[in-house]
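*Asks:* The following file, my_file39.tsv, comprises TSV, C-alpha atoms:
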```
chain	number	residue	atom	x	y	z
J	1	MET	CA	0.04	4.93	30.90
J	2	SER	CA	-0.04	8.70	31.09
J	3	ALA	CA	3.34	8.70	32.83
J	4	ILE	CA	5.13	8.29	29.49
J	5	GLN	CA	6.56	11.57	28.26
J	6	GLU	CA	6.76	11.73	24.47
J	7	ASP	CA	9.31	13.70	22.45
J	8	LYS	CA	7.16	13.88	19.33
J	9	VAL	CA	3.45	13.41	18.50
J	10	LEU	CA	2.13	12.00	15.22
J	11	ASP	CA	-1.61	12.23	14.61
J	12	CYS	CA	-2.82	9.74	11.99
J	13	SER	CA	-6.54	10.26	12.72
J	14	GLY	CA	-8.73	9.60	9.69
J	15	LEU	CA	-6.03	7.68	7.81
J	16	LEU	CA	-6.31	4.01	6.96
J	17	CYS	CA	-3.79	1.22	6.34
J	18	PRO	CA	-0.98	1.40	5.33
J	19	ILE	CA	-0.48	5.15	5.87
J	20	PRO	CA	-0.24	5.12	9.73
J	21	VAL	CA	2.58	2.55	9.43
J	22	VAL	CA	4.34	4.58	6.73
J	23	LYS	CA	4.06	7.86	8.68
J	24	THR	CA	5.24	6.18	11.89
J	25	ALA	CA	8.26	4.76	10.05
J	26	LYS	CA	9.16	8.27	8.83
J	27	ALA	CA	8.46	9.99	12.17
J	28	ILE	CA	10.61	7.59	14.20
J	29	LYS	CA	13.59	8.60	12.06
J	30	GLU	CA	13.00	12.23	13.08
J	31	ILE	CA	13.68	11.56	16.77
J	32	GLU	CA	16.91	10.41	18.41
J	33	VAL	CA	17.59	6.85	19.55
J	34	GLY	CA	16.08	6.49	23.03
J	35	GLN	CA	13.43	9.18	22.45
J	36	ILE	CA	9.69	8.48	22.40
J	37	LEU	CA	7.09	8.90	19.66
J	38	LYS	CA	3.39	9.12	20.48
J	39	MET	CA	1.13	8.04	17.60
J	40	ILE	CA	-2.64	8.56	17.49
J	41	SER	CA	-4.79	6.56	15.05
J	42	THR	CA	-8.48	5.99	14.39
J	43	ASP	CA	-7.81	2.98	12.14
J	44	PRO	CA	-9.35	-0.13	13.78
J	45	GLY	CA	-6.57	-2.17	12.12
J	46	ALA	CA	-3.84	-0.11	13.79
J	47	PRO	CA	-3.25	-2.17	16.97
J	48	PRO	CA	-2.14	-5.40	15.20
J	49	ASP	CA	-0.37	-3.39	12.47
J	50	MET	CA	1.61	-1.24	14.88
J	51	GLU	CA	2.58	-4.28	16.98
J	52	ALA	CA	3.83	-5.97	13.81
J	53	TRP	CA	5.71	-2.82	12.76
J	54	SER	CA	7.36	-2.68	16.18
J	55	ARG	CA	8.43	-6.34	16.01
J	56	GLN	CA	9.73	-6.01	12.46
J	57	THR	CA	11.69	-2.78	12.98
J	58	GLY	CA	12.84	-3.43	16.56
J	59	ASN	CA	11.48	-0.10	17.80
J	60	GLU	CA	9.88	-0.79	21.16
J	61	LEU	CA	6.13	-0.46	21.67
J	62	LEU	CA	5.98	0.87	25.23
J	63	SER	CA	2.23	1.18	25.43
J	64	SER	CA	-0.90	0.60	23.34
J	65	SER	CA	-4.27	1.85	24.57
J	66	GLU	CA	-7.67	3.05	23.42
J	67	GLU	CA	-9.36	6.28	24.50
J	68	ASP	CA	-12.61	7.65	23.05
J	69	GLY	CA	-12.32	5.64	19.84
J	70	LYS	CA	-8.69	6.65	19.34
J	71	PHE	CA	-5.77	4.26	19.54
J	72	ILE	CA	-2.72	5.67	21.31
J	73	PHE	CA	0.72	4.15	20.86
J	74	TYR	CA	4.05	5.04	22.44
J	75	PHE	CA	7.18	3.87	20.62
J	76	LYS	CA	10.76	4.15	21.78
J	77	ARG	CA	13.30	4.50	19.00
J	78	ILE	CA	15.80	1.67	19.46
J	79	LYS	CA	17.94	2.01	16.32
H	1	MET	CA	21.14	-9.62	0.23
H	2	SER	CA	21.68	-13.21	1.26
H	3	ARG	CA	19.31	-15.06	3.57
H	4	SER	CA	22.30	-16.66	5.22
H	5	ASP	CA	22.90	-13.33	6.95
H	6	PRO	CA	20.56	-13.23	9.99
H	7	ASN	CA	20.80	-9.43	10.14
H	8	ALA	CA	19.73	-8.96	6.53
H	9	PRO	CA	16.40	-7.15	6.14
H	10	LYS	CA	13.40	-9.22	5.13
H	11	LYS	CA	12.35	-9.12	1.52
H	12	LEU	CA	9.02	-9.04	-0.32
H	13	ALA	CA	8.85	-10.02	-4.00
H	14	MET	CA	5.63	-9.50	-5.93
H	15	VAL	CA	4.40	-9.97	-9.46
H	16	SER	CA	1.78	-7.39	-10.41
H	17	SER	CA	-0.13	-8.60	-13.47
H	18	ARG	CA	-3.35	-6.57	-13.41
H	19	GLY	CA	-3.68	-2.86	-14.12
H	20	SER	CA	-7.25	-2.09	-13.06
H	21	LEU	CA	-7.91	0.11	-10.03
H	22	ASP	CA	-9.00	-2.71	-7.70
H	23	TRP	CA	-5.97	-4.84	-8.62
H	24	ALA	CA	-3.58	-1.87	-8.40
H	25	TYR	CA	-4.11	-1.41	-4.66
H	26	PRO	CA	-2.70	-4.69	-3.25
H	27	PRO	CA	0.88	-4.44	-4.60
H	28	PHE	CA	1.24	-0.80	-3.57
H	29	ILE	CA	-0.41	-1.23	-0.14
H	30	LEU	CA	1.75	-4.26	0.68
H	31	GLY	CA	4.81	-2.64	-0.88
H	32	SER	CA	4.50	0.56	1.15
H	33	ALA	CA	3.80	-1.34	4.39
H	34	ALA	CA	6.88	-3.51	3.74
H	35	VAL	CA	9.25	-0.58	3.07
H	36	ALA	CA	7.87	1.06	6.23
H	37	MET	CA	8.96	-2.04	8.18
H	38	GLY	CA	12.44	-1.78	6.71
H	39	TRP	CA	12.00	-4.64	4.25
H	40	GLU	CA	13.46	-4.79	0.77
H	41	VAL	CA	10.73	-4.74	-1.86
H	42	GLU	CA	10.71	-5.77	-5.49
H	43	ILE	CA	7.60	-5.51	-7.65
H	44	PHE	CA	7.74	-7.08	-11.11
H	45	PHE	CA	5.11	-5.53	-13.41
H	46	THR	CA	3.96	-7.72	-16.26
H	47	PHE	CA	1.06	-7.90	-18.72
H	48	TYR	CA	-1.65	-5.40	-17.66
H	49	GLY	CA	0.34	-4.51	-14.54
H	50	LEU	CA	2.76	-2.62	-16.80
H	51	SER	CA	0.35	0.31	-17.04
H	52	LEU	CA	0.87	0.91	-13.29
H	53	LEU	CA	4.38	2.13	-14.15
H	54	LYS	CA	3.12	4.96	-16.38
H	55	PRO	CA	3.58	8.47	-14.93
H	56	ASP	CA	-0.07	9.32	-15.54
H	57	LEU	CA	-2.00	6.52	-13.84
H	58	LYS	CA	-5.39	5.98	-15.40
H	59	ALA	CA	-6.37	2.85	-13.51
H	60	SER	CA	-10.08	2.20	-13.72
H	61	VAL	CA	-12.45	-0.50	-12.56
H	62	THR	CA	-15.46	-2.21	-14.06
H	63	PRO	CA	-18.07	-4.47	-12.45
H	64	LEU	CA	-18.22	-6.41	-15.76
H	65	GLY	CA	-16.90	-9.91	-15.05
H	66	ASN	CA	-16.49	-8.80	-11.44
H	67	PRO	CA	-19.80	-10.09	-10.07
H	68	ALA	CA	-18.90	-9.85	-6.39
H	69	MET	CA	-18.12	-6.15	-6.69
H	70	PRO	CA	-20.56	-4.22	-4.53
H	71	MET	CA	-21.32	-0.59	-5.29
H	72	LYS	CA	-21.38	1.85	-2.42
H	73	MET	CA	-22.39	5.46	-2.80
H	74	PRO	CA	-19.79	7.95	-1.54
H	75	PHE	CA	-22.44	10.57	-0.76
H	76	GLY	CA	-25.77	10.89	1.06
H	77	PRO	CA	-26.75	9.86	4.59
H	78	GLN	CA	-24.75	7.07	6.28
H	79	GLY	CA	-27.57	4.53	5.86
H	80	PHE	CA	-27.64	5.23	2.11
H	81	GLN	CA	-23.84	4.97	1.90
H	82	ASP	CA	-23.90	1.61	3.66
H	83	ILE	CA	-26.13	-0.07	1.08
H	84	ASN	CA	-24.41	-2.56	-1.21
H	85	TRP	CA	-26.19	-1.71	-4.44
H	86	PRO	CA	-26.85	-4.71	-6.65
H	87	ILE	CA	-25.78	-4.10	-10.24
H	88	PRO	CA	-27.86	-5.63	-13.04
H	89	THR	CA	-25.66	-7.39	-15.61
H	90	ALA	CA	-27.10	-5.32	-18.46
H	91	LEU	CA	-26.06	-2.12	-16.64
H	92	MET	CA	-22.49	-3.40	-16.17
H	93	ALA	CA	-22.08	-3.44	-19.93
H	94	ALA	CA	-23.72	-0.06	-20.49
H	95	PRO	CA	-21.53	2.58	-22.15
H	96	GLY	CA	-19.87	4.81	-19.57
H	97	PHE	CA	-20.70	2.58	-16.63
H	98	GLY	CA	-17.05	1.69	-16.11
H	99	SER	CA	-16.14	5.34	-15.56
H	100	ILE	CA	-19.04	5.77	-13.14
H	101	ALA	CA	-17.87	2.72	-11.17
H	102	THR	CA	-14.30	4.07	-11.21
H	103	GLY	CA	-15.41	7.46	-9.92
H	104	LEU	CA	-17.50	5.89	-7.15
H	105	MET	CA	-14.67	3.64	-6.02
H	106	LYS	CA	-12.10	6.47	-5.97
H	107	LYS	CA	-14.48	8.76	-4.08
H	108	THR	CA	-15.42	6.09	-1.52
H	109	PHE	CA	-11.77	5.21	-0.90
H	110	GLN	CA	-10.87	8.89	-0.52
H	111	ASN	CA	-13.77	9.52	1.89
H	112	LYS	CA	-12.66	6.59	4.04
H	113	GLY	CA	-9.10	7.91	4.31
H	114	VAL	CA	-7.36	5.47	1.96
H	115	ALA	CA	-4.34	6.87	0.13
H	116	SER	CA	-4.44	6.99	-3.67
H	117	ILE	CA	-2.49	4.55	-5.85
H	118	GLU	CA	-0.24	7.47	-6.88
H	119	GLU	CA	0.58	8.33	-3.24
H	120	MET	CA	1.37	4.74	-2.32
H	121	ARG	CA	3.50	4.28	-5.44
H	122	GLU	CA	5.40	7.45	-4.48
H	123	ILE	CA	5.98	6.06	-0.95
H	124	CYS	CA	7.32	2.79	-2.43
H	125	ILE	CA	9.74	4.67	-4.69
H	126	ASP	CA	10.85	7.18	-2.01
H	127	MET	CA	11.56	4.38	0.46
H	128	GLY	CA	13.65	2.35	-1.96
H	129	ALA	CA	11.36	-0.29	-3.49
H	130	ASN	CA	12.53	-1.76	-6.79
H	131	LEU	CA	9.86	-1.38	-9.45
H	132	VAL	CA	10.70	-3.52	-12.47
H	133	GLY	CA	8.92	-3.69	-15.83
H	134	CYS	CA	8.83	-7.04	-17.61
H	135	GLN	CA	10.91	-6.62	-20.78
H	136	MET	CA	9.08	-9.28	-22.77
H	137	THR	CA	5.57	-7.91	-22.22
H	138	MET	CA	6.91	-4.37	-22.79
H	139	GLU	CA	7.92	-5.54	-26.28
H	140	VAL	CA	4.54	-7.19	-26.85
H	141	PHE	CA	2.47	-4.21	-25.72
H	142	GLY	CA	4.77	-1.61	-27.26
H	143	PHE	CA	6.17	0.04	-24.11
H	144	THR	CA	9.66	1.46	-23.76
H	145	LYS	CA	11.46	2.40	-20.55
H	146	GLU	CA	10.76	6.05	-21.40
H	147	ASP	CA	7.00	5.40	-21.03
H	148	PHE	CA	7.50	4.65	-17.35
H	149	ILE	CA	8.11	6.69	-14.21
H	150	GLU	CA	11.66	7.71	-13.37
H	151	GLY	CA	13.47	5.04	-11.41
H	152	ALA	CA	11.56	2.12	-12.92
H	153	LYS	CA	13.86	-0.68	-14.00
H	154	VAL	CA	13.50	-3.32	-16.67
H	155	GLY	CA	14.14	-7.04	-16.33
H	156	GLY	CA	13.11	-10.53	-17.31
H	157	ALA	CA	11.79	-13.69	-15.72
H	158	ALA	CA	15.21	-15.01	-14.71
H	159	ALA	CA	16.17	-11.72	-13.04
H	160	PHE	CA	12.90	-11.68	-11.06
H	161	LEU	CA	13.27	-15.32	-9.99
H	162	ALA	CA	16.86	-14.76	-8.89
H	163	SER	CA	15.66	-11.87	-6.76
H	164	ALA	CA	12.56	-13.72	-5.47
H	165	ALA	CA	14.70	-16.69	-4.47
H	166	ASP	CA	16.07	-14.51	-1.68
H	167	ALA	CA	12.64	-13.23	-0.62
H	168	ASP	CA	10.81	-14.12	2.59
H	169	VAL	CA	7.40	-13.40	1.07
H	170	SER	CA	6.50	-13.88	-2.61
H	171	LEU	CA	3.11	-13.01	-4.07
H	172	PHE	CA	1.47	-13.14	-7.49
H	173	ILE	CA	-1.18	-10.45	-7.84
```
Let me see whether you can do it: turn the structure in this file into structure tokens.
*Replies:*
Amino acid sequence: MSAIQEDKVLDCSGLLCPIPVVKTAKAIKEIEVGQILKMISTDPGAPPDMEAWSRQTGNELLSSSEEDGKFIFYFKRIK
Amino acid sequence: MSRSDPNAPKKLAMVSSRGSLDWAYPPFILGSAAVAMGWEVEIFFTFYGLSLLKPDLKASVTPLGNPAMPMKMPFGPQGFQDINWPIPTALMAAPGFGSIATGLMKKTFQNKGVASIEEMREICIDMGANLVGCQMTMEVFGFTKEDFIEGAKVGGAAAFLASAADADVSLFI
């Protein structure tokens, strides 16, 4: 998992639904198509929400993991 | 946007009919999540929901007639904060209790990291949601378009239905 090299990091620690989704949607527009966004969240609802966001927007969820109570997501901007 | 076009974005159409703090959250939470997913969003504000279009939001909450509403304290040790305080009916009706309940709810939400109604409304507007005031109830309650935030539109039942007919998700809140 740690092999993925991100181009931008977004830390949404301490923020609850729907703000991590909203901030991720804005942050993905700030990188180029093909680049990778790393998002960190402490919201227990984030894993299903971020998977849904990925499916709905078409931006690829490369990896979803949990470390020390934090949820780490890597998204590749597709369009 | 027609549903016959497979590449058209999805659409969420909601009626927001309640203006109290607890009822103000759902349309703006769902609306901001939907715009973040690239969906089109239309929220039709009618009856008490109209007050959610005012620039200065004064949404409040009362446990009166809201018997399932627990009260959590936004301060003190965690164990104290976790208690669901029972509220005697007589206290619900006490003068000033509504503003205490409103303050507690706002503080608890803020402490937990939930965005305010104002922030989520701003996100909806910035990301292109259509916020529409119901013309008929505006007449009844004495609102004009000038009473509402910039960008708010005005429409009627037929206009909302025509828009909702194209929606993938429709909700009455």
*Asks:* Write out as a count of residues only each polymer residue whose atoms come within 8 Å of region 66-80 of chain H, counting only C-alpha atoms; drop sequence neighbours fewer than 5 positions from it.
*Replies:* 9
*Asks:* Rounded to one decimal place, report the CA of Ala152 (chain H)-CA of Thr102 (chain H) distance in Å.
*Replies:*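 Separating CA of Ala152 (chain H) from CA of Thr102 (chain H) is a distance of 26.0 Å.
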*Asks:* Using only C-alpha atoms and a cut-off of 10 Å, which residues of chain H sit close to chain J? Please list them as a list in words.
*Replies:*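 Taking only C-alpha atoms into account, Pro9, Lys10, Phe28, Ile29, Leu30, Gly31, Ser32, Ala33, Ala34, Val35, Ala36, Met37, Gly38, Trp39, Phe109, Gln110, Asn111, Lys112, Gly113, Val114, Ala115, Glu119, Met120, Ile123, Cys124 and Met127 of chain H sit within 10 Å of chain J.
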*Asks:* Do you have the CA of Phe45 (chain H)-CA of Ala165 (chain H) distance handy?
*Replies:* 17.2 Å
*Asks:* The centre and edge lengths of an axis-aligned box containing all atoms of region 59-78 of chain J present in the file, extended by 5 Å on each side, are to be given in Å to one decimal, as JSON.
*Replies:*
```
{"center_x": 1.6, "center_y": 3.4, "center_z": 21.6, "size_x": 38.4, "size_y": 18.4, "size_z": 17.6}
```
*Asks:* Which distance in Å separates CA of Lys58 (chain H) and CA of Val169 (chain H), to one decimal?
*Replies:*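 Atom-to-atom, CA of Lys58 (chain H) and CA of Val169 (chain H) are spaced 28.5 Å apart.
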*Asks:* Near Glu32 (chain J), counting only C-alpha atoms, which residues have an atom at most 10 Å away, once you skip same-chain residues fewer than 6 positions from it, shown as a PyMOL selection string?
*Replies:* chain J and resi 7+76-79
*Asks:* Write out as a list in words each polymer residue whose atoms come within 12 Å of Lys70 (chain J), counting all atoms listed in the file; drop sequence neighbours fewer than 6 positions from it.
*Replies:* Asp11, Cys12, Ser13, Gly14, Leu15, Met39, Ile40, Ser41, Thr42, Asp43, Pro44, Gly45, Ala46, Pro47 and Ser64 of chain J
*Asks:* Pick the closest to Val61 (chain H) from H:Ile43, H:Ala90, H:Gly98, H:Tyr25: which is it, counting only C-alpha atoms?
*Replies:*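 Nearest candidate to Val61 (chain H) out of H:Ile43, H:Ala90, H:Gly98, H:Tyr25: H:Gly98.
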*Asks:* Which residues come within 6 Å of Ala129 (chain H), counting only C-alpha atoms, excluding same-chain residues fewer than 4 positions away, as a list in words?
*Replies:*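 Using only C-alpha atoms, the neighbours found are Val41, Glu42, Cys124 and Ile125 of chain H.
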*Asks:* Point out the residue among H:Pro55, H:Gly156, H:Gly142, H:Gly96 with the least atom-to-atom distance to Arg121 (chain H), counting all atoms listed in the file.
*Replies:*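 Of H:Pro55, H:Gly156, H:Gly142, H:Gly96, the one nearest Arg121 (chain H), counting all atoms listed in the file, is H:Pro55.
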*Asks:* Can you tell me, as a list in words, what residues are no more than 12 Å from Ala164 (chain H) when counting all atoms listed in the file, ignoring any on the same chain fewer than 2 positions away?
*Replies:*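 The neighbour list is Met1, Ser2, Arg3, Lys10, Lys11, Leu12, Ala13, Met14, Val15, Glu40, Val41, Glu42, Ile43, Phe44, Ala157, Ala158, Ala159, Phe160, Leu161, Ala162, Asp166, Ala167, Asp168, Val169, Ser170, Leu171 and Phe172 of chain H.
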